[in-house]
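Enquirer: Dumping the structure here so I can ask a few things about it.
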Amino acid sequence: MASPRISRYATRLIHLLSANPRTLVVSGIVAVLFGTAWVLGERVAANGELGLSGLGSLALLGVEVLASSVVFFAIGFSLLTWVQKFNGFRQVDNYTGFWGLKPHQRWTRLWLGFVLVWSAYWVALWPGSITQDSFRQIIQGLHLVPYSDHHPIAHTLGIEALLTPLLALTGNITVSLAAITAMQMLVLAAIFALCVDAMREFALPPWILTATYALFLLHPLTGWYSVTLWKDIWLGTFILVLGTLSAKIFFRYRLGKPISWKMWALFALSIIAIAFAKKTGVIVVLPLIIGAALYLRGRTLVRWIATGVSSVLIYLLGHALIVAALDVRPGSEVEAWSLPAQQIARTVNVHGDELSPEQKTAIARYFNNADIGERYQPWISDPIKNRLNADLLRTERAEFIALWADLAREYPVSYLDATVNQTYGYWYPDVAYWMTSASSWSDILRYNAGDNRKDTVEKKVAGELYQDLNGGKVVDVERYTPELYPLNSIRRIPIVGWLLSLGAWTWAAVALTAASIVRRTVNSRPISILSGAVWITCVLSPVFAEARYAYPILLLLPLLGALALMRPTEAGVAINLSPRSRKKDVHA
């Protein structure tokens, strides 16, 4: 009796698998990705290494990955099969209620909601969250130290443009900074409101629009970051704008609707803004320009490429002119070598006694004779990359790459351990890390004023500002420690904590991209490409789990999910058009 039953089940399973080849392939790829990430993440989180000491341990790792992948495949194939059959969100011909209000009425209410909720963070964090990076940009803006492009010069000039008149008006730098963070909050609220409201064009159900707004409104990270003086906050916001505009261009293109010159102009401005917001901005936009172009044809394809390429060229020219005109010191290139530096440092840490004299000499030259084996920390590259000799690296880059490759051939396991330790916060969901600056403005000043390791302008200025703020000189100094601070308590809450998990954001983006592939919802392709490009910049960064770096992935998730699960574009409707216009705009 059991044999025929098993045979029937096997036949049904084979039929199901063969009937969904696309779903089968996508599920298999996602299962291997998730299975590998889970096993590697579990090992490195528990032991700081993968534990590969021979063929036996490698085989055991392979078995664990296979078993984990099988479990994820069983879950993923079932879900993606359902997703493939899902008809999509019911599209709306005409909105009623709040989402049916006139545009200026909707936007005003959305904006006011953001301002009211986010103002609580501004009051609690007065004068806003001013970070160590912010402090260095502020003193550049005050012309107390030379301009540097280590942090984007455009962002520094923006701070200066606001700080100079405010300081002249108030005579108090703390009040001036509070005014800047308040203005930032107001502008960010306006941009977020516009992006949420723009999703109406996709004819999505009102509950999706409301849920997206609620996520941005109530997520503690968006509120905290709205009053944080970091360039990464603007980068994430501009990426949200670019993603929204890209999706709108795709949507209109596939419906055969005209794409106005104003939309192309906004598309160009968002690319330029991303590039100026951070050096990695170009790395984010180029994959979008190239990858998404594969889904376009005709005049739209030409305009997409022309607008994207010309925007990048405008940034490169504008940045070069600013640097030359203001004699801006170039930022160090050592940031780009974070991962290779960590790999070499771990090799020295684990195998230092095995290295040849020639290898030790070469390593010492590039790292200014610092004992990088002792300084190595698996989760952050600052102690290592800051010892790199930038001048030598600039003139002997090929030799450094040859040294790096030579060590990689000899010690591949150490390189792999260094890589997973340096990146697993971005691909393994169950990670503890800090998400916001743990220090107040007073903390930043106290630390810089009392740092006895250096006698610099930074120290002198910080001392004066601290005295103005607190009415006395620094008497005790404690290095600020941004480990476990307010948002991390939320991070530990089951399920809810995944809203604050960088790895969970990545998994969600991968899962939604998989859903869009099996459903063939092309409108979501730009969002998937943008999310992937942001993730690449994260794993190349100097920290293993930095929330501000992955922030754009979180912001893009609602749009990615809505587009991935919407009805196919060809079946879409154009909202609030007259019957005559609607008939004209339907895609043949």
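Residues are named by chain letter and number: chains run A, B, ... in the order of the structure tokens, numbers start at 1 in each chain, and ligands are numbered from 1 in the order shown.
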List the neighbours of region 267-275 of chain A out to 9 Å using only C-alpha atoms; skip same-chain residues closer than 3 positions along the sequence, and give me the result as a list in words.

Expert: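 Using only C-alpha atoms, the neighbours found are Trp234, Leu235, Gly236, Thr237, Phe238, Ile239, Val241, Leu242, Leu245, Ser246, Lys262, Met263, Trp264, Lys278, Lys279, Thr280, Gly281, Val282, Ile283, Val284, Val285, Thr307, Gly308, Ser310, Ser311, Val312, Ile314, Tyr315 and Leu316 of chain A.
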
Enquirer: For the residues selected in the previous step, produce a file with C-alpha atoms as an mmCIF file, in the first residue's frame.

Expert:
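Everything below was put into selection_20.cif:
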```cif
data_model
loop_
_atom_site.group_PDB
_atom_site.id
_atom_site.type_symbol
_atom_site.label_atom_id
_atom_site.label_comp_id
_atom_site.auth_asym_id
_atom_site.auth_seq_id
_atom_site.Cartn_x
_atom_site.Cartn_y
_atom_site.Cartn_z
ATOM 1 C CA TRP A 234 21.294 62.039 2.001
ATOM 2 C CA LEU A 235 22.773 59.277 -0.128
ATOM 3 C CA GLY A 236 20.021 56.882 0.968
ATOM 4 C CA THR A 237 17.310 59.477 0.339
ATOM 5 C CA PHE A 238 18.581 60.307 -3.149
ATOM 6 C CA ILE A 239 18.746 56.583 -3.969
ATOM 7 C CA VAL A 241 14.289 59.176 -5.292
ATOM 8 C CA LEU A 242 16.261 57.587 -8.140
ATOM 9 C CA LEU A 245 11.844 57.772 -10.796
ATOM 10 C CA SER A 246 13.367 54.721 -12.506
ATOM 11 C CA LYS A 262 10.726 67.015 -16.491
ATOM 12 C CA MET A 263 10.961 63.372 -15.415
ATOM 13 C CA TRP A 264 14.197 62.935 -17.354
ATOM 14 C CA LYS A 278 29.277 60.091 -1.506
ATOM 15 C CA LYS A 279 32.173 58.738 -3.542
ATOM 16 C CA THR A 280 30.516 55.337 -3.791
ATOM 17 C CA GLY A 281 27.524 56.997 -5.454
ATOM 18 C CA VAL A 282 28.921 56.421 -8.931
ATOM 19 C CA ILE A 283 29.352 52.721 -8.111
ATOM 20 C CA VAL A 284 25.629 52.648 -7.303
ATOM 21 C CA VAL A 285 24.320 54.457 -10.401
ATOM 22 C CA THR A 307 20.772 60.995 -19.433
ATOM 23 C CA GLY A 308 22.635 58.580 -17.195
ATOM 24 C CA SER A 310 25.799 62.732 -19.160
ATOM 25 C CA SER A 311 24.803 63.001 -15.484
ATOM 26 C CA VAL A 312 27.881 61.055 -14.402
ATOM 27 C CA ILE A 314 28.542 66.393 -15.160
ATOM 28 C CA TYR A 315 29.391 65.118 -11.688
ATOM 29 C CA LEU A 316 32.977 64.259 -12.639
#
```

Enquirer: Using only C-alpha atoms, what does the table of region 29-97 of chain A residues within 8 Å of region 192-213 of chain A look like, with each row giving the shortest atom pair and its distance in Å to one decimal, sorted by chain and ascending number, as a Markdown table?

Expert:
```
| residue | atom | partner | partner_atom | distance |
| --- | --- | --- | --- | --- |
| A:Phe89 | CA | A:Leu204 | CA | 6.8 |
| A:Arg90 | CA | A:Pro205 | CA | 6.4 |
| A:Gln91 | CA | A:Ala203 | CA | 4.9 |
| A:Val92 | CA | A:Ala203 | CA | 4.9 |
| A:Asp93 | CA | A:Ala203 | CA | 7.0 |
| A:Tyr95 | CA | A:Pro206 | CA | 7.6 |
```

Enquirer: Taking the DSSP secondary structure from the backbone, can you list the residues of region 117-325 of chain A that are helix (DSSP H, G or I), as a PyMOL selection string?

Expert: chain A and resi 117-124+132-141+153-170+173-202+206-218+220-226+231-255+261-277+281-295+298-325

Enquirer: So what do you get for CA of Leu301 (chain A) versus CA of Leu565 (chain A), distance-wise?

Expert: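 Between CA of Leu301 (chain A) and CA of Leu565 (chain A) the gap works out to 24.9 Å.
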
Enquirer: With a cut-off of 12 Å, could you pull out the residues of region 395-425 of chain A touching region 21-37 of chain A and give me the nearest pair of atoms for each, distance in Å to one decimal, using only C-alpha atoms, ordered by chain and ascending number, as CSV?

Expert:
```
residue,atom,partner,partner_atom,distance
A:Val420,CA,A:Ala37,CA,9.7
A:Thr423,CA,A:Ala37,CA,11.0
A:Tyr424,CA,A:Ala37,CA,8.2
A:Gly425,CA,A:Ala37,CA,10.5
```

Enquirer: How would the residues just picked look written out with N, CA and C atoms as a PDB file, in the first residue's frame?

Expert:
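Here's the written file selection-v4.pdb:
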```
ATOM      1  N   VAL A 420      34.593  36.747   5.359  1.00  0.00           N
ATOM      2  CA  VAL A 420      33.286  36.536   5.989  1.00  0.00           C
ATOM      3  C   VAL A 420      33.162  37.354   7.270  1.00  0.00           C
ATOM      4  N   THR A 423      32.281  40.993   6.398  1.00  0.00           N
ATOM      5  CA  THR A 423      31.072  41.280   5.625  1.00  0.00           C
ATOM      6  C   THR A 423      29.790  40.641   6.144  1.00  0.00           C
ATOM      7  N   TYR A 424      29.866  39.698   7.096  1.00  0.00           N
ATOM      8  CA  TYR A 424      28.689  38.869   7.356  1.00  0.00           C
ATOM      9  C   TYR A 424      27.501  39.632   7.939  1.00  0.00           C
ATOM     10  N   GLY A 425      27.705  40.807   8.453  1.00  0.00           N
ATOM     11  CA  GLY A 425      26.573  41.597   8.933  1.00  0.00           C
ATOM     12  C   GLY A 425      25.611  41.993   7.832  1.00  0.00           C
TER      13      GLY A 425
END
```

Enquirer: Mind checking which residues fall within 12 Å of Tyr376 (chain A), counting only C-alpha atoms, ignoring those fewer than 5 positions away in the same chain, and posting them as a list in words?

Expert: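 Those residues are Ser338, Ala341, Gln342, Gln343, Ile344, Ala345, Arg346, Thr347, Val348, Asn349, Val350, Ala370, Asp371, Ser381, Asp382, Pro383, Ile384, Lys385, Asn386, Arg387, Ala418, Asn421 and Gln422 of chain A.
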
Enquirer: Could you please take those selected residues and save N, CA, C and O atoms as an mmCIF file, in the first residue's frame?

Expert:
```cif
data_model
loop_
_atom_site.group_PDB
_atom_site.id
_atom_site.type_symbol
_atom_site.label_atom_id
_atom_site.label_comp_id
_atom_site.auth_asym_id
_atom_site.auth_seq_id
_atom_site.Cartn_x
_atom_site.Cartn_y
_atom_site.Cartn_z
ATOM 1 N N SER A 338 40.057 48.356 2.062
ATOM 2 C CA SER A 338 39.690 47.832 3.375
ATOM 3 C C SER A 338 39.724 46.305 3.414
ATOM 4 O O SER A 338 40.325 45.706 4.304
ATOM 5 N N ALA A 341 43.252 44.753 2.833
ATOM 6 C CA ALA A 341 44.086 45.026 4.016
ATOM 7 C C ALA A 341 43.719 44.079 5.154
ATOM 8 O O ALA A 341 44.605 43.568 5.861
ATOM 9 N N GLN A 342 42.421 43.826 5.336
ATOM 10 C CA GLN A 342 41.987 42.890 6.372
ATOM 11 C C GLN A 342 42.474 41.465 6.082
ATOM 12 O O GLN A 342 42.851 40.725 6.997
ATOM 13 N N GLN A 343 42.437 41.092 4.834
ATOM 14 C CA GLN A 343 42.878 39.742 4.470
ATOM 15 C C GLN A 343 44.367 39.556 4.754
ATOM 16 O O GLN A 343 44.785 38.514 5.276
ATOM 17 N N ILE A 344 45.163 40.557 4.443
ATOM 18 C CA ILE A 344 46.600 40.475 4.723
ATOM 19 C C ILE A 344 46.840 40.475 6.229
ATOM 20 O O ILE A 344 47.654 39.700 6.750
ATOM 21 N N ALA A 345 46.102 41.335 6.958
ATOM 22 C CA ALA A 345 46.291 41.432 8.406
ATOM 23 C C ALA A 345 45.929 40.125 9.101
ATOM 24 O O ALA A 345 46.635 39.700 10.029
ATOM 25 N N ARG A 346 44.858 39.482 8.670
ATOM 26 C CA ARG A 346 44.498 38.207 9.304
ATOM 27 C C ARG A 346 45.551 37.141 9.000
ATOM 28 O O ARG A 346 45.858 36.302 9.847
ATOM 29 N N THR A 347 46.091 37.178 7.795
ATOM 30 C CA THR A 347 47.148 36.233 7.447
ATOM 31 C C THR A 347 48.350 36.417 8.363
ATOM 32 O O THR A 347 48.936 35.444 8.855
ATOM 33 N N VAL A 348 48.716 37.676 8.620
ATOM 34 C CA VAL A 348 49.828 37.958 9.531
ATOM 35 C C VAL A 348 49.470 37.518 10.947
ATOM 36 O O VAL A 348 50.302 36.958 11.675
ATOM 37 N N ASN A 349 48.219 37.746 11.341
ATOM 38 C CA ASN A 349 47.769 37.377 12.678
ATOM 39 C C ASN A 349 47.827 35.872 12.914
ATOM 40 O O ASN A 349 48.230 35.408 13.983
ATOM 41 N N VAL A 350 47.451 35.089 11.918
ATOM 42 C CA VAL A 350 47.366 33.634 12.068
ATOM 43 C C VAL A 350 48.660 32.926 11.648
ATOM 44 O O VAL A 350 49.078 31.949 12.273
ATOM 45 N N ALA A 370 53.767 48.982 11.019
ATOM 46 C CA ALA A 370 52.851 48.686 12.124
ATOM 47 C C ALA A 370 52.684 47.177 12.268
ATOM 48 O O ALA A 370 52.739 46.432 11.284
ATOM 49 N N ASP A 371 52.492 46.726 13.492
ATOM 50 C CA ASP A 371 52.258 45.309 13.749
ATOM 51 C C ASP A 371 50.784 45.018 13.473
ATOM 52 O O ASP A 371 49.945 45.002 14.377
ATOM 53 N N SER A 381 37.984 47.485 9.710
ATOM 54 C CA SER A 381 39.305 47.581 9.088
ATOM 55 C C SER A 381 40.071 48.837 9.479
ATOM 56 O O SER A 381 41.242 48.973 9.110
ATOM 57 N N ASP A 382 39.447 49.758 10.212
ATOM 58 C CA ASP A 382 40.113 51.027 10.541
ATOM 59 C C ASP A 382 41.497 50.854 11.168
ATOM 60 O O ASP A 382 42.438 51.562 10.789
ATOM 61 N N PRO A 383 41.683 49.958 12.147
ATOM 62 C CA PRO A 383 43.012 49.825 12.746
ATOM 63 C C PRO A 383 44.080 49.377 11.748
ATOM 64 O O PRO A 383 45.261 49.617 11.968
ATOM 65 N N ILE A 384 43.675 48.755 10.656
ATOM 66 C CA ILE A 384 44.620 48.253 9.659
ATOM 67 C C ILE A 384 44.764 49.229 8.492
ATOM 68 O O ILE A 384 45.875 49.652 8.148
ATOM 69 N N LYS A 385 43.648 49.603 7.875
ATOM 70 C CA LYS A 385 43.733 50.445 6.685
ATOM 71 C C LYS A 385 44.324 51.817 6.993
ATOM 72 O O LYS A 385 44.955 52.431 6.126
ATOM 73 N N ASN A 386 44.132 52.291 8.231
ATOM 74 C CA ASN A 386 44.703 53.586 8.601
ATOM 75 C C ASN A 386 46.214 53.548 8.715
ATOM 76 O O ASN A 386 46.857 54.593 8.827
ATOM 77 N N ARG A 387 46.780 52.329 8.720
ATOM 78 C CA ARG A 387 48.253 52.196 8.748
ATOM 79 C C ARG A 387 48.837 52.039 7.351
ATOM 80 O O ARG A 387 50.057 51.984 7.195
ATOM 81 N N ALA A 418 38.803 36.107 6.763
ATOM 82 C CA ALA A 418 38.811 37.572 6.853
ATOM 83 C C ALA A 418 37.625 38.168 6.109
ATOM 84 O O ALA A 418 36.990 39.130 6.574
ATOM 85 N N ASN A 421 34.253 37.492 8.024
ATOM 86 C CA ASN A 421 34.213 38.307 9.237
ATOM 87 C C ASN A 421 33.968 39.772 8.918
ATOM 88 O O ASN A 421 33.294 40.474 9.675
ATOM 89 N N GLN A 422 34.500 40.244 7.803
ATOM 90 C CA GLN A 422 34.411 41.647 7.437
ATOM 91 C C GLN A 422 33.077 42.003 6.790
ATOM 92 O O GLN A 422 32.744 43.180 6.664
#
```

Enquirer: Could you go through region 86-321 of chain A and tell me which residues DSSP, when run on the backbone, assigns to strand (DSSP E or B), listing them as a list of chain:residue names?

Expert: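 Filtering region 86-321 of chain A to strand (DSSP E or B) leaves A:Phe89, A:Ser129, A:Ser148, A:Thr228.
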
Enquirer: From the options A:Val518, A:Ala45, A:Val39, A:Ala509, which residue's atoms come nearest to Pro378 (chain A), counting only C-alpha atoms?

Expert: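 Ranking A:Val518, A:Ala45, A:Val39, A:Ala509 by distance to Pro378 (chain A), first place goes to A:Ala45.
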
Enquirer: Which residues, written as a JSON list (two decimals) with C-alpha atoms, in the first residue's frame, have at least one atom at most 7 Å from Glu49 (chain A), with only C-alpha atoms counted and residues fewer than 4 positions away on the same chain left out?

Expert:
```
[["chain", "number", "residue", "atom", "x", "y", "z"],
["A", 43, "ARG", "CA", 29.95, 29.58, 12.17],
["A", 44, "VAL", "CA", 31.62, 32.96, 12.01],
["A", 417, "ASP", "CA", 37.86, 33.90, 7.13]]
```

Enquirer: Quick one: residues within 7 Å of region 144-155 of chain A, only C-alpha atoms, excluding same-chain residues fewer than 4 positions away - as number ranges by chain?

Expert: A: 139-140, 159, 231, 276-279, 328-332

Enquirer: Please produce a file of those selected residues containing N, CA, C and O atoms, as a short mmCIF file (atom, residue, chain, number, x, y, z; two decimals), in the first residue's frame.

Expert:
```cif
data_model
loop_
_atom_site.label_atom_id
_atom_site.label_comp_id
_atom_site.auth_asym_id
_atom_site.auth_seq_id
_atom_site.Cartn_x
_atom_site.Cartn_y
_atom_site.Cartn_z
N ILE A 139 34.34 71.70 11.26
CA ILE A 139 35.53 72.55 11.42
C ILE A 139 36.15 72.91 10.07
O ILE A 139 36.82 73.93 9.95
N GLN A 140 35.88 72.09 9.06
CA GLN A 140 36.27 72.51 7.70
C GLN A 140 35.39 73.68 7.26
O GLN A 140 35.88 74.65 6.68
N ILE A 159 26.95 72.07 4.57
CA ILE A 159 26.95 72.39 6.00
C ILE A 159 27.45 73.81 6.21
O ILE A 159 26.87 74.59 6.98
N LYS A 231 26.48 62.20 5.78
CA LYS A 231 26.26 62.25 4.33
C LYS A 231 25.48 61.02 3.86
O LYS A 231 24.76 61.07 2.85
N PHE A 276 27.38 63.19 -5.90
CA PHE A 276 27.97 64.20 -5.02
C PHE A 276 27.82 63.85 -3.54
O PHE A 276 28.61 64.31 -2.71
N ALA A 277 26.81 63.04 -3.21
CA ALA A 277 26.55 62.72 -1.80
C ALA A 277 27.64 61.85 -1.20
O ALA A 277 27.92 61.94 0.00
N LYS A 278 28.25 60.99 -2.02
CA LYS A 278 29.28 60.09 -1.51
C LYS A 278 30.06 59.53 -2.68
O LYS A 278 29.51 59.34 -3.77
N LYS A 279 31.33 59.23 -2.45
CA LYS A 279 32.17 58.74 -3.54
C LYS A 279 31.65 57.43 -4.13
O LYS A 279 31.83 57.17 -5.32
N VAL A 328 40.95 71.64 -2.58
CA VAL A 328 40.50 70.60 -1.66
C VAL A 328 41.51 69.45 -1.66
O VAL A 328 41.92 68.96 -2.71
N ARG A 329 41.91 69.06 -0.47
CA ARG A 329 42.82 67.93 -0.35
C ARG A 329 42.09 66.65 -0.72
O ARG A 329 40.99 66.40 -0.23
N PRO A 330 42.68 65.83 -1.57
CA PRO A 330 41.98 64.59 -1.96
C PRO A 330 41.87 63.63 -0.78
O PRO A 330 42.76 63.55 0.07
N GLY A 331 40.76 62.92 -0.73
CA GLY A 331 40.59 61.91 0.30
C GLY A 331 41.51 60.73 0.05
O GLY A 331 41.90 60.45 -1.09
N SER A 332 41.89 60.05 1.09
CA SER A 332 42.79 58.92 0.95
C SER A 332 42.09 57.77 0.25
O SER A 332 40.91 57.51 0.46
#
```

Enquirer: Would you please work out which residue, of A:Ile259, A:Leu560, A:Ile495, A:Val461, is nearest to Phe135 (chain A) when using only C-alpha atoms?

Expert: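 Looking at the shortest contact to Phe135 (chain A), the residue is A:Val461.
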